[in-house]
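Structure file data.cif; described as mmCIF, C-alpha atoms and all ligand atoms.
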data_structure
#
loop_
_atom_site.group_PDB
_atom_site.id
_atom_site.type_symbol
_atom_site.label_atom_id
_atom_site.label_comp_id
_atom_site.auth_asym_id
_atom_site.auth_seq_id
_atom_site.Cartn_x
_atom_site.Cartn_y
_atom_site.Cartn_z
ATOM 1 C CA MET X 1 -3.856 1.011 -5.453
ATOM 2 C CA LYS X 2 -4.759 4.279 -3.748
ATOM 3 C CA CYS X 3 -8.171 5.892 -3.452
ATOM 4 C CA ARG X 4 -8.896 8.349 -6.291
ATOM 5 C CA TYR X 5 -9.709 11.110 -3.791
ATOM 6 C CA CYS X 6 -7.314 10.654 -0.873
ATOM 7 C CA SER X 7 -4.100 8.934 0.165
ATOM 8 C CA ARG X 8 -5.843 5.996 1.847
ATOM 9 C CA LYS X 9 -5.675 2.490 0.453
ATOM 10 C CA GLY X 10 -8.306 1.793 -2.215
ATOM 11 C CA GLU X 11 -10.687 -0.960 -1.093
ATOM 12 C CA VAL X 12 -13.427 -0.885 -3.703
ATOM 13 C CA PHE X 13 -13.079 -0.828 -7.454
ATOM 14 C CA ILE X 14 -16.143 0.367 -9.354
ATOM 15 C CA PRO X 15 -15.594 -1.040 -12.862
ATOM 16 C CA TYR X 16 -18.243 0.965 -14.763
ATOM 17 C CA ALA X 17 -16.842 4.246 -13.408
ATOM 18 C CA ARG X 18 -13.200 3.038 -13.398
ATOM 19 C CA LEU X 19 -12.955 4.289 -9.816
ATOM 20 C CA THR X 20 -10.902 2.973 -6.923
ATOM 21 C CA LEU X 21 -12.141 4.239 -3.566
ATOM 22 C CA CYS X 22 -11.334 3.882 0.116
ATOM 23 C CA ARG X 23 -14.179 2.888 2.461
ATOM 24 C CA GLU X 24 -14.989 6.460 3.432
ATOM 25 C CA HIS X 25 -15.141 7.709 -0.129
ATOM 26 C CA PHE X 26 -17.177 4.698 -1.206
ATOM 27 C CA ILE X 27 -19.751 5.501 1.481
ATOM 28 C CA GLU X 28 -19.871 9.087 0.225
ATOM 29 C CA PHE X 29 -20.137 7.830 -3.378
ATOM 30 C CA VAL X 30 -23.284 5.796 -2.570
ATOM 31 C CA GLN X 31 -24.856 8.594 -0.515
ATOM 32 C CA LYS X 32 -24.300 11.118 -3.299
ATOM 33 C CA LYS X 33 -25.610 8.706 -5.903
ATOM 34 C CA VAL X 34 -28.874 8.115 -4.036
ATOM 35 C CA LEU X 35 -29.326 11.829 -3.405
ATOM 36 C CA ARG X 36 -28.739 12.462 -7.123
ATOM 37 C CA THR X 37 -31.360 9.832 -8.005
ATOM 38 C CA ILE X 38 -33.854 11.489 -5.650
ATOM 39 C CA LYS X 39 -33.210 14.871 -7.254
ATOM 40 C CA ARG X 40 -32.990 13.660 -10.858
ATOM 41 C CA TYR X 41 -36.407 12.009 -10.700
ATOM 42 C CA ASN X 42 -37.878 14.414 -8.170
ATOM 43 C CA LEU X 43 -38.734 11.575 -5.775
ATOM 44 C CA ILE X 44 -38.840 13.490 -2.480
ATOM 45 C CA LYS X 45 -39.434 17.142 -1.708
ATOM 46 C CA SER X 46 -39.189 19.160 1.425
ATOM 47 C CA ARG X 47 -42.183 18.642 3.807
ATOM 48 C CA ASP X 48 -43.134 15.305 2.201
ATOM 49 C CA LYS X 49 -44.383 12.447 4.351
ATOM 50 C CA ILE X 50 -42.573 9.302 3.242
ATOM 51 C CA LEU X 51 -43.545 5.796 4.305
ATOM 52 C CA ILE X 52 -40.771 3.255 3.832
ATOM 53 C CA ALA X 53 -41.448 -0.478 3.657
ATOM 54 C CA VAL X 54 -38.712 -2.300 5.576
ATOM 55 C CA SER X 55 -38.435 -6.088 5.548
ATOM 56 C CA GLY X 56 -35.079 -6.192 7.360
ATOM 57 C CA GLY X 57 -33.077 -7.301 4.307
ATOM 58 C CA LYS X 58 -29.983 -5.390 3.182
ATOM 59 C CA ASP X 59 -31.721 -3.222 0.565
ATOM 60 C CA SER X 60 -34.533 -1.966 2.755
ATOM 61 C CA ILE X 61 -32.217 -1.400 5.739
ATOM 62 C CA THR X 62 -29.728 0.444 3.526
ATOM 63 C CA LEU X 63 -32.523 2.603 2.147
ATOM 64 C CA LEU X 64 -33.840 3.249 5.654
ATOM 65 C CA GLN X 65 -30.427 4.470 6.849
ATOM 66 C CA LEU X 66 -29.969 6.630 3.734
ATOM 67 C CA LEU X 67 -33.449 8.175 3.883
ATOM 68 C CA SER X 68 -33.087 8.819 7.596
ATOM 69 C CA GLU X 69 -29.761 10.590 6.935
ATOM 70 C CA MET X 70 -31.103 12.608 4.007
ATOM 71 C CA ARG X 71 -33.756 14.252 6.147
ATOM 72 C CA LYS X 72 -30.930 16.569 7.189
ATOM 73 C CA ILE X 73 -30.692 17.803 3.600
ATOM 74 C CA ILE X 74 -34.275 17.652 2.294
ATOM 75 C CA HIS X 75 -36.402 17.898 5.504
ATOM 76 C CA TYR X 76 -39.268 15.442 5.220
ATOM 77 C CA ASP X 77 -41.047 13.134 7.632
ATOM 78 C CA LEU X 78 -40.179 9.458 7.554
ATOM 79 C CA TYR X 79 -42.343 6.570 8.808
ATOM 80 C CA VAL X 80 -41.369 2.910 8.801
ATOM 81 C CA LEU X 81 -43.716 0.088 7.825
ATOM 82 C CA HIS X 82 -42.948 -3.527 8.644
ATOM 83 C CA ILE X 83 -45.226 -6.437 7.749
ATOM 84 C CA ASP X 84 -44.990 -9.399 10.120
ATOM 85 C CA LEU X 85 -45.948 -12.340 7.905
ATOM 86 C CA GLY X 86 -45.563 -14.937 10.654
ATOM 87 C CA ILE X 87 -43.009 -17.041 8.764
ATOM 88 C CA GLY X 88 -41.517 -18.724 11.857
ATOM 89 C CA GLU X 89 -38.074 -17.655 13.076
ATOM 90 C CA TYR X 90 -37.426 -15.665 9.897
ATOM 91 C CA SER X 91 -40.281 -13.242 10.637
ATOM 92 C CA LYS X 92 -39.457 -13.088 14.346
ATOM 93 C CA SER X 93 -35.855 -12.075 13.797
ATOM 94 C CA SER X 94 -36.771 -9.663 10.973
ATOM 95 C CA ARG X 95 -39.319 -7.910 13.171
ATOM 96 C CA THR X 96 -36.980 -7.626 16.154
ATOM 97 C CA LEU X 97 -34.217 -6.226 13.981
ATOM 98 C CA VAL X 98 -36.419 -3.671 12.197
ATOM 99 C CA GLU X 99 -37.992 -2.564 15.486
ATOM 100 C CA SER X 100 -34.692 -2.056 17.248
ATOM 101 C CA TYR X 101 -32.979 -0.304 14.326
ATOM 102 C CA THR X 102 -35.961 2.013 13.808
ATOM 103 C CA ARG X 103 -35.892 2.850 17.522
ATOM 104 C CA GLN X 104 -32.174 3.582 17.248
ATOM 105 C CA LEU X 105 -32.916 6.044 14.434
ATOM 106 C CA GLY X 106 -35.746 7.590 16.463
ATOM 107 C CA LEU X 107 -38.383 7.041 13.765
ATOM 108 C CA PRO X 108 -42.068 6.071 14.114
ATOM 109 C CA ILE X 109 -42.885 2.497 13.112
ATOM 110 C CA ILE X 110 -46.103 0.794 12.023
ATOM 111 C CA ILE X 111 -46.037 -2.990 12.397
ATOM 112 C CA VAL X 112 -48.835 -4.774 10.580
ATOM 113 C CA GLU X 113 -49.191 -8.321 11.847
ATOM 114 C CA LEU X 114 -50.927 -10.675 9.461
ATOM 115 C CA LYS X 115 -52.065 -13.080 12.173
ATOM 116 C CA LYS X 116 -53.792 -10.225 13.988
ATOM 117 C CA ILE X 117 -55.743 -9.170 10.892
ATOM 118 C CA LEU X 118 -56.645 -12.517 9.373
ATOM 119 C CA GLY X 119 -56.107 -14.963 12.242
ATOM 120 C CA TYR X 120 -53.547 -16.895 10.195
ATOM 121 C CA THR X 121 -49.875 -16.594 9.314
ATOM 122 C CA LEU X 122 -48.710 -16.571 5.693
ATOM 123 C CA PRO X 123 -47.716 -20.289 5.639
ATOM 124 C CA GLU X 124 -51.140 -21.191 7.100
ATOM 125 C CA ILE X 125 -52.951 -19.059 4.508
ATOM 126 C CA ALA X 126 -50.981 -20.585 1.631
ATOM 127 C CA LYS X 127 -51.723 -24.072 2.933
ATOM 128 C CA LYS X 128 -55.441 -23.400 3.397
ATOM 129 C CA LEU X 129 -55.775 -21.867 -0.056
ATOM 130 C CA LYS X 130 -53.465 -24.474 -1.630
ATOM 131 C CA ARG X 131 -51.491 -21.721 -3.331
ATOM 132 C CA PRO X 132 -47.740 -21.014 -3.538
ATOM 133 C CA PRO X 133 -46.720 -18.814 -0.561
ATOM 134 C CA CYS X 134 -45.041 -16.188 -2.774
ATOM 135 C CA SER X 135 -48.145 -15.533 -4.860
ATOM 136 C CA VAL X 136 -50.292 -15.073 -1.726
ATOM 137 C CA CYS X 137 -47.539 -12.969 -0.154
ATOM 138 C CA GLY X 138 -47.386 -10.696 -3.205
ATOM 139 C CA ILE X 139 -51.116 -9.898 -3.090
ATOM 140 C CA ILE X 140 -51.109 -9.336 0.680
ATOM 141 C CA LYS X 141 -47.999 -7.171 0.820
ATOM 142 C CA ARG X 142 -49.029 -5.020 -2.149
ATOM 143 C CA TYR X 143 -52.366 -4.377 -0.471
ATOM 144 C CA LEU X 144 -50.953 -3.621 2.984
ATOM 145 C CA PHE X 145 -48.293 -1.280 1.566
ATOM 146 C CA ASN X 146 -50.871 0.688 -0.381
ATOM 147 C CA ALA X 147 -53.496 0.690 2.382
ATOM 148 C CA THR X 148 -50.991 1.923 4.984
ATOM 149 C CA ALA X 149 -49.676 4.690 2.718
ATOM 150 C CA ILE X 150 -53.263 5.803 2.011
ATOM 151 C CA GLU X 151 -54.351 5.724 5.681
ATOM 152 C CA LEU X 152 -51.223 7.616 6.711
ATOM 153 C CA ASN X 153 -51.845 10.149 3.952
ATOM 154 C CA ALA X 154 -48.237 9.636 2.896
ATOM 155 C CA THR X 155 -46.823 11.528 -0.081
ATOM 156 C CA ALA X 156 -45.225 8.293 -1.291
ATOM 157 C CA LEU X 157 -44.307 4.762 -0.356
ATOM 158 C CA ALA X 158 -40.558 4.080 -0.707
ATOM 159 C CA THR X 159 -39.272 0.590 -1.468
ATOM 160 C CA GLY X 160 -35.731 -0.773 -1.533
ATOM 161 C CA HIS X 161 -35.739 -2.039 -5.140
ATOM 162 C CA ASN X 162 -32.236 -1.665 -6.522
ATOM 163 C CA LEU X 163 -30.860 -1.370 -10.041
ATOM 164 C CA ASP X 164 -30.487 -5.146 -10.492
ATOM 165 C CA ASP X 165 -34.119 -5.677 -9.427
ATOM 166 C CA ILE X 166 -35.396 -3.104 -11.912
ATOM 167 C CA ALA X 167 -33.310 -4.452 -14.794
ATOM 168 C CA THR X 168 -34.636 -7.937 -13.966
ATOM 169 C CA PHE X 169 -38.268 -6.765 -14.013
ATOM 170 C CA ILE X 170 -37.750 -4.856 -17.280
ATOM 171 C CA LEU X 171 -36.364 -7.961 -18.977
ATOM 172 C CA LYS X 172 -39.076 -10.130 -17.493
ATOM 173 C CA GLU X 173 -41.832 -7.864 -18.810
ATOM 174 C CA PHE X 174 -40.013 -7.680 -22.128
ATOM 175 C CA PHE X 175 -39.856 -11.470 -22.432
ATOM 176 C CA ALA X 176 -43.579 -11.607 -21.692
ATOM 177 C CA GLN X 177 -44.079 -8.673 -24.103
ATOM 178 C CA ASN X 178 -46.091 -6.977 -21.405
ATOM 179 C CA LEU X 179 -45.030 -3.568 -22.648
ATOM 180 C CA THR X 180 -47.588 -1.638 -20.630
ATOM 181 C CA GLY X 181 -46.336 -3.387 -17.454
ATOM 182 C CA ILE X 182 -42.984 -1.746 -18.078
ATOM 183 C CA TRP X 183 -44.457 1.632 -17.077
ATOM 184 C CA LYS X 184 -44.642 0.718 -13.417
ATOM 185 C CA LEU X 185 -40.871 0.144 -13.421
ATOM 186 C CA GLN X 186 -40.068 3.851 -13.335
ATOM 187 C CA PRO X 187 -38.464 5.400 -10.229
ATOM 188 C CA TYR X 188 -41.668 7.298 -9.545
ATOM 189 C CA ASN X 189 -45.197 5.960 -9.933
ATOM 190 C CA GLU X 190 -47.956 8.474 -9.702
ATOM 191 C CA PRO X 191 -50.793 8.191 -7.191
ATOM 192 C CA TYR X 192 -54.346 7.721 -8.401
ATOM 193 C CA LYS X 193 -57.003 9.735 -6.576
ATOM 194 C CA ASP X 194 -57.167 8.516 -2.968
ATOM 195 C CA ILE X 195 -57.013 4.833 -3.854
ATOM 196 C CA VAL X 196 -53.447 4.261 -5.081
ATOM 197 C CA ALA X 197 -50.479 5.771 -3.241
ATOM 198 C CA ALA X 198 -47.450 7.132 -5.109
ATOM 199 C CA ARG X 199 -44.387 4.884 -5.067
ATOM 200 C CA ILE X 200 -40.718 5.780 -5.190
ATOM 201 C CA LYS X 201 -37.552 3.729 -5.658
ATOM 202 C CA PRO X 202 -34.573 5.775 -4.434
ATOM 203 C CA LEU X 203 -32.087 2.899 -5.052
ATOM 204 C CA TYR X 204 -33.073 2.929 -8.729
ATOM 205 C CA GLU X 205 -29.528 3.609 -9.914
ATOM 206 C CA THR X 206 -27.711 1.737 -7.136
ATOM 207 C CA TYR X 207 -26.329 -1.713 -7.969
ATOM 208 C CA GLU X 208 -27.178 -4.505 -5.540
ATOM 209 C CA GLU X 209 -23.473 -5.000 -4.877
ATOM 210 C CA GLU X 210 -23.090 -1.304 -3.997
ATOM 211 C CA ALA X 211 -25.988 -1.542 -1.526
ATOM 212 C CA ARG X 212 -24.440 -4.671 -0.010
ATOM 213 C CA LYS X 213 -21.003 -3.098 0.396
ATOM 214 C CA TYR X 214 -22.539 0.104 1.787
ATOM 215 C CA ALA X 215 -24.444 -1.922 4.412
ATOM 216 C CA GLU X 216 -21.269 -3.814 5.278
ATOM 217 C CA TYR X 217 -19.035 -0.725 5.580
ATOM 218 C CA MET X 218 -21.666 1.182 7.551
ATOM 219 C CA LYS X 219 -22.076 -1.892 9.778
ATOM 220 C CA LEU X 220 -25.835 -1.799 9.274
ATOM 221 C CA PRO X 221 -27.769 -4.571 10.974
ATOM 222 C CA TYR X 222 -29.687 -6.621 8.427
ATOM 223 C CA ILE X 223 -31.110 -10.114 8.121
ATOM 224 C CA GLN X 224 -28.608 -12.273 6.289
ATOM 225 C CA GLU X 225 -30.845 -15.309 5.888
ATOM 226 C CA LYS X 226 -33.362 -15.423 3.080
ATOM 227 C CA CYS X 227 -37.045 -16.141 3.518
ATOM 228 C CA PRO X 228 -37.479 -19.947 3.603
ATOM 229 C CA TYR X 229 -39.732 -19.688 0.545
ATOM 230 C CA TYR X 230 -37.072 -17.980 -1.548
ATOM 231 C CA LYS X 231 -36.169 -20.104 -4.585
ATOM 232 C CA PRO X 232 -33.055 -19.342 -6.661
ATOM 233 C CA THR X 233 -34.630 -21.140 -9.620
ATOM 234 C CA THR X 234 -37.526 -18.737 -10.272
ATOM 235 C CA LEU X 235 -37.406 -16.746 -13.508
ATOM 236 C CA ASP X 236 -36.719 -13.513 -11.581
ATOM 237 C CA ASN X 237 -33.752 -14.945 -9.741
ATOM 238 C CA VAL X 238 -32.251 -16.690 -12.770
ATOM 239 C CA LEU X 239 -32.589 -13.493 -14.828
ATOM 240 C CA LYS X 240 -30.999 -11.453 -12.054
ATOM 241 C CA GLN X 241 -28.032 -13.810 -11.880
ATOM 242 C CA LYS X 242 -27.578 -13.614 -15.648
ATOM 243 C CA ILE X 243 -27.692 -9.816 -15.555
ATOM 244 C CA LYS X 244 -24.918 -9.838 -12.940
ATOM 245 C CA GLU X 245 -22.811 -12.094 -15.186
ATOM 246 C CA ILE X 246 -23.334 -9.821 -18.199
ATOM 247 C CA GLU X 247 -22.498 -6.764 -16.060
ATOM 248 C CA GLU X 248 -19.217 -8.389 -15.044
ATOM 249 C CA LYS X 249 -18.237 -8.808 -18.682
ATOM 250 C CA PHE X 250 -19.605 -5.436 -19.814
ATOM 251 C CA PRO X 251 -19.381 -3.010 -16.873
ATOM 252 C CA GLY X 252 -22.055 -0.321 -16.935
ATOM 253 C CA ILE X 253 -24.455 -2.173 -19.234
ATOM 254 C CA THR X 254 -27.172 -2.384 -16.551
ATOM 255 C CA ILE X 255 -27.138 1.291 -15.620
ATOM 256 C CA GLY X 256 -27.094 2.018 -19.366
ATOM 257 C CA LEU X 257 -30.243 -0.059 -19.790
ATOM 258 C CA ILE X 258 -32.049 1.825 -17.008
ATOM 259 C CA ARG X 259 -31.047 5.244 -18.349
ATOM 260 C CA ARG X 260 -32.060 4.410 -21.927
ATOM 261 C CA PHE X 261 -35.262 2.843 -20.649
ATOM 262 C CA MET X 262 -36.219 6.065 -18.898
ATOM 263 C CA LYS X 263 -35.310 8.095 -21.978
ATOM 264 C CA ASN X 264 -37.562 5.927 -24.138
ATOM 265 C CA ILE X 265 -40.418 5.411 -21.701
ATOM 266 C CA GLU X 266 -42.891 7.470 -23.745
ATOM 267 C CA LYS X 267 -42.377 5.085 -26.666
ATOM 268 C CA TYR X 268 -43.914 2.196 -24.715
ATOM 269 C CA PRO X 269 -47.705 1.849 -24.825
ATOM 270 C CA LYS X 270 -49.275 3.599 -21.832
ATOM 271 C CA PRO X 271 -51.266 1.381 -19.481
ATOM 272 C CA GLU X 272 -54.862 2.101 -18.530
ATOM 273 C CA THR X 273 -54.517 4.634 -15.720
ATOM 274 C CA SER X 274 -58.014 4.517 -14.342
ATOM 275 C CA PHE X 275 -58.951 2.091 -11.596
ATOM 276 C CA SER X 276 -62.302 1.291 -10.147
ATOM 277 C CA LYS X 277 -62.908 1.263 -6.402
ATOM 278 C CA CYS X 278 -63.262 -2.057 -4.637
ATOM 279 C CA ARG X 279 -66.871 -2.378 -3.457
ATOM 280 C CA ILE X 280 -65.692 -3.721 -0.089
ATOM 281 C CA CYS X 281 -62.698 -1.648 0.927
ATOM 282 C CA GLY X 282 -62.768 1.341 -1.428
ATOM 283 C CA LEU X 283 -59.171 0.918 -2.622
ATOM 284 C CA ALA X 284 -58.007 0.354 -6.200
ATOM 285 C CA SER X 285 -59.332 -2.644 -8.031
ATOM 286 C CA ASN X 286 -59.552 -3.974 -11.568
ATOM 287 C CA GLY X 287 -63.044 -5.266 -11.019
ATOM 288 C CA GLU X 288 -65.801 -5.202 -8.441
ATOM 289 C CA LYS X 289 -63.572 -6.550 -5.674
ATOM 290 C CA CYS X 290 -59.821 -6.088 -5.240
ATOM 291 C CA SER X 291 -57.470 -9.092 -5.191
ATOM 292 C CA TYR X 292 -57.041 -8.831 -1.414
ATOM 293 C CA CYS X 293 -60.774 -8.836 -0.722
ATOM 294 C CA LYS X 294 -61.211 -11.806 -3.066
ATOM 295 C CA LEU X 295 -58.348 -13.705 -1.442
ATOM 296 C CA THR X 296 -59.538 -13.075 2.105
ATOM 297 C CA GLU X 297 -63.122 -13.968 1.183
ATOM 298 C CA LYS X 298 -61.893 -17.311 -0.100
ATOM 299 C CA LEU X 299 -59.928 -17.811 3.093
ATOM 300 C CA LEU X 300 -62.456 -16.679 5.684
ATOM 301 C CA GLY X 301 -65.779 -16.487 3.885
ATOM 302 C CA GLU X 302 -65.675 -12.723 4.370
ATOM 303 C CA PRO X 303 -63.698 -10.085 2.424
ATOM 304 C CA MET X 304 -61.370 -8.356 4.883
ATOM 305 C CA GLY X 305 -60.262 -5.188 3.089
ATOM 306 C CA HIS X 306 -62.475 -2.843 5.060
ATOM 307 C CA LYS X 307 -61.551 -4.347 8.451
ATOM 308 C CA THR X 308 -57.878 -4.345 7.482
ATOM 309 C CA ARG X 309 -58.052 -0.625 6.758
ATOM 310 C CA GLU X 310 -59.702 -0.043 10.145
ATOM 311 C CA TYR X 311 -56.937 -2.025 11.863
ATOM 312 C CA ILE X 312 -54.225 -0.017 10.072
ATOM 313 C CA LYS X 313 -56.020 3.219 10.964
ATOM 314 C CA SER X 314 -55.953 2.258 14.638
ATOM 315 C CA LEU X 315 -52.204 1.519 14.445
ATOM 316 C CA ILE X 316 -51.609 4.954 12.966
ATOM 317 C CA GLU X 317 -53.743 6.595 15.676
ATOM 318 C CA GLU X 318 -51.616 4.860 18.300
ATOM 319 C CA LEU X 319 -48.575 6.678 16.886
ATOM 320 C CA GLY X 320 -50.190 9.910 18.010
HETATM 321 FE FE1 LIG U 1 -42.960 -13.504 0.519
HETATM 322 FE FE2 LIG U 1 -40.919 -15.025 1.273
HETATM 323 FE FE3 LIG U 1 -41.987 -15.357 -1.146
HETATM 324 FE FE4 LIG U 1 -40.575 -13.143 -0.597
HETATM 325 S S1 LIG U 1 -39.799 -15.263 -0.682
HETATM 326 S S2 LIG U 1 -42.555 -13.235 -1.669
HETATM 327 S S3 LIG U 1 -41.123 -12.808 1.564
HETATM 328 S S4 LIG U 1 -43.005 -15.712 0.829
HETATM 329 ZN ZN ZN U 2 -10.529 8.099 -0.061
HETATM 330 ZN ZN ZN U 3 -60.914 -4.555 -1.442
#

Would you mind writing the structure in this file as structure tokens?
Ligand code: SF4
Ligand code: ZN
Ligand code: ZN
Amino acid sequence: MKCRYCSRKGEVFIPYARLTLCREHFIEFVQKKVLRTIKRYNLIKSRDKILIAVSGGKDSITLLQLLSEMRKIIHYDLYVLHIDLGIGEYSKSSRTLVESYTRQLGLPIIIVELKKILGYTLPEIAKKLKRPPCSVCGIIKRYLFNATAIELNATALATGHNLDDIATFILKEFFAQNLTGIWKLQPYNEPYKDIVAARIKPLYETYEEEARKYAEYMKLPYIQEKCPYYKPTTLDNVLKQKIKEIEEKFPGITIGLIRRFMKNIEKYPKPETSFSKCRICGLASNGEKCSYCKLTEKLLGEPMGHKTREYIKSLIEELG
């Protein structure tokens, strides 16, 4: 079959749009879709300062390439953030790849190395605290993302969450009946004073498969291997797989869910929007101390939020 828009051979069929496209038009299709998402939800404006978290996986690398390209249309500053968790070869190759690709794009990069801040790698921390690596990783990454965006005075932190991720999280919160938790699953999350940075998800309406094909056709360098702690049997991953199966049988059902979700968002109970300041580091917290300060205190006998912020500040100063 031929491409809908030219005489070249069609290579991709997009079932929910009933579209057959050649490689070139598929690339254009994804670029236009992401730009439309950015405009529809007002995610980025001219003169913004965007910090993008890049792990080296296909979604974050795809988003990095797209956001770098879109600066030609919207004119904003883009900074890359990579967290080196110290997970053996996986972290080494991720870091090398992100560093070299960022250099190729000519963008500034901030590399936050866990071992340098806390003296331990993620596997060592998990072992010492006798906790599952992913739960420790979640607390640490969330904190470092927010702290870096705040120290950089970024307009927003961009993450590579795609449509399948969002649909998975919506269903997960729905199963748990955590209806206020659903609010954070919007494409734009507002900042709170100077303690919570705004967050944006420009791949909000892009299927995982579209991001994967885009990365492949654009020959983007990304880490193919998964983190050694990744487990296909977690609730998130099982749900995601099921959503893909349902999408195959009913094309467009996932994007339909996201669109209707956003239309109905006001009907869900609003979460508490006020945070207190962590007594140690001054960033957002639900109690006296934030989760990161509590975790690091348990690990080292001293809460490390404040020192972590100082370390990040010095990395940003080095950028000039
Ligand atoms: Fe962190 Fe790896 Fe778990 Fe992902 S799979 S949360 S990177 S430890
Ligand atoms: Zn074409
Ligand atoms: Zn703190």

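Closest to Ile73 of chain X among X:Ile61, X:Ile27, X:Lys242, X:Lys32 is X:Lys32, based on only C-alpha atoms.
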
Return the single residue from X:Tyr79, X:Tyr230, X:Tyr101, X:Phe145 that is closest to ligand LIG 1 (chain U), with distances computed using only C-alpha atoms and all ligand atoms.
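The closest residue to ligand LIG 1 (chain U) is X:Tyr230.
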
Option closest in space to Glu28 of chain X, from X:Lys219, X:Ile150, X:Tyr90, X:Glu210 [counting only C-alpha atoms]
X:Glu210

Given a cut-off of 6 Å, what residues near ligand LIG 1 (chain U) show up using all atoms listed in the file, put as a PyMOL selection string?
chain X and resi 133-134+137-138+227+229-230

Between X:Asp59, X:Leu257, X:Tyr214, X:Asp164, which has the minimum distance to Glu245 of chain X (counting only C-alpha atoms)?
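Nearest candidate to Glu245 of chain X out of X:Asp59, X:Leu257, X:Tyr214, X:Asp164: X:Asp164.
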
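From atom CA of Lys193 of chain X back to atom CA of Asn153 of chain X, the distance works out to 11.7 Å.
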
Using all atoms listed in the file for the distances, tell me which of X:Ile50, X:Gly57, X:Ile166, X:Ser7 is nearest to Arg199 of chain X.
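That would be X:Ile50, the residue with the smallest distance to Arg199 of chain X.
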
Take the PyMOL selection byres (((chain X and resi 67-72) around 9) and not hetatm), apply it to the structure above, and return the hits as a JSON list (two decimals) with C-alpha atoms, in the coordinates of the input.
[["chain", "number", "residue", "atom", "x", "y", "z"],
["X", 31, "GLN", "CA", -24.86, 8.59, -0.52],
["X", 35, "LEU", "CA", -29.33, 11.83, -3.40],
["X", 46, "SER", "CA", -39.19, 19.16, 1.42],
["X", 52, "ILE", "CA", -40.77, 3.26, 3.83],
["X", 62, "THR", "CA", -29.73, 0.44, 3.53],
["X", 63, "LEU", "CA", -32.52, 2.60, 2.15],
["X", 64, "LEU", "CA", -33.84, 3.25, 5.65],
["X", 65, "GLN", "CA", -30.43, 4.47, 6.85],
["X", 66, "LEU", "CA", -29.97, 6.63, 3.73],
["X", 73, "ILE", "CA", -30.69, 17.80, 3.60],
["X", 74, "ILE", "CA", -34.28, 17.65, 2.29],
["X", 75, "HIS", "CA", -36.40, 17.90, 5.50],
["X", 76, "TYR", "CA", -39.27, 15.44, 5.22],
["X", 77, "ASP", "CA", -41.05, 13.13, 7.63],
["X", 78, "LEU", "CA", -40.18, 9.46, 7.55],
["X", 105, "LEU", "CA", -32.92, 6.04, 14.43],
["X", 107, "LEU", "CA", -38.38, 7.04, 13.76],
["X", 202, "PRO", "CA", -34.57, 5.78, -4.43]]

If the limit is 10 Å from any atom of ligand ZN 2 (chain U), counting only C-alpha atoms and all ligand atoms, which residues qualify? Return them as a list in words.
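Result of the 10 Å neighbour search around ligand ZN 2 (chain U): Lys2, Cys3, Arg4, Tyr5, Cys6, Ser7, Arg8, Lys9, Gly10, Glu11, Thr20, Leu21, Cys22, Arg23, Glu24, His25, Phe26, Ile27 and Glu28 of chain X.
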
Let me make sure I understand: among X:Ser274, X:Leu315, X:Tyr188, X:Met218, which one has the smallest atom-to-atom distance to Arg40 of chain X if we use only C-alpha atoms?
X:Tyr188

Within 8 Å of ligand ZN 3 (chain U): each chain X residue with its shortest pair, only C-alpha atoms and all ligand atoms, as a tab-separated table:
residue	atom	partner	partner_atom	distance
X:Lys277	CA	U:ZN3	ZN	7.9
X:Cys278	CA	U:ZN3	ZN	4.7
X:Arg279	CA	U:ZN3	ZN	6.7
X:Ile280	CA	U:ZN3	ZN	5.0
X:Cys281	CA	U:ZN3	ZN	4.2
X:Gly282	CA	U:ZN3	ZN	6.2
X:Leu283	CA	U:ZN3	ZN	5.9
X:Ala284	CA	U:ZN3	ZN	7.4
X:Ser285	CA	U:ZN3	ZN	7.0
X:Lys289	CA	U:ZN3	ZN	5.4
X:Cys290	CA	U:ZN3	ZN	4.2
X:Ser291	CA	U:ZN3	ZN	6.8
X:Tyr292	CA	U:ZN3	ZN	5.8
X:Cys293	CA	U:ZN3	ZN	4.3
X:Lys294	CA	U:ZN3	ZN	7.4
X:Pro303	CA	U:ZN3	ZN	7.3
X:Met304	CA	U:ZN3	ZN	7.4
X:Gly305	CA	U:ZN3	ZN	4.6
X:His306	CA	U:ZN3	ZN	6.9

Neighbours of point (-40.0, 2.6, -14.7) within 10 Å, using all atoms listed in the file, written as a list in words
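Residues satisfying the cut-off, written out: Ile166, Ala167, Phe169, Ile170, Gly181, Ile182, Trp183, Lys184, Leu185, Gln186, Pro187, Tyr188, Asn189, Lys201, Tyr204, Ile258, Phe261, Met262 and Ile265 of chain X.
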
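Atom CA of Gly56 of chain X lies 11.2 Å from atom CA of Val80 of chain X.
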
Please, what distance in Å, to one decimal, runs between atom CA of Met1 of chain X and atom CA of Glu208 of chain X?
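Atom CA of Met1 of chain X sits 24.0 Å away from atom CA of Glu208 of chain X.
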
Please write the residues picked by the PyMOL selection byres (((chain X and resi 239) around 10) and not hetatm) on this file as a ChimeraX atom specification.
/X:164-165,167-169,171-172,233-238,240-245

Name the residues that the PyMOL selection byres (((chain X and resi 94) around 8) and not hetatm) pulls out of this structure, and write them as a VMD selection string.
chain X and resid 55 to 57 90 to 93 95 to 98 223

Using all atoms of segment 193-209 of chain X listed in the file and a margin of 4 Å per side, can you give the axis-aligned box centre and edge lengths in Å to one decimal, as JSON?
{"center_x": -40.3, "center_y": 2.4, "center_z": -6.4, "size_x": 41.7, "size_y": 22.7, "size_z": 14.9}

Residues proximal to (-38.1, -2.2, -0.7) were defined as those with any atom within 6 Å of that point in the file's coordinates, counting all atoms listed in the file. Which are they, as a PDB file with C-alpha atoms, in the coordinates of the input?
ATOM      1  CA  ALA X  53     -41.448  -0.478   3.657  1.00  0.00           C
ATOM      2  CA  SER X  60     -34.533  -1.966   2.755  1.00  0.00           C
ATOM      3  CA  THR X 159     -39.272   0.590  -1.468  1.00  0.00           C
ATOM      4  CA  GLY X 160     -35.731  -0.773  -1.533  1.00  0.00           C
ATOM      5  CA  HIS X 161     -35.739  -2.039  -5.140  1.00  0.00           C
TER       6      HIS X 161
END
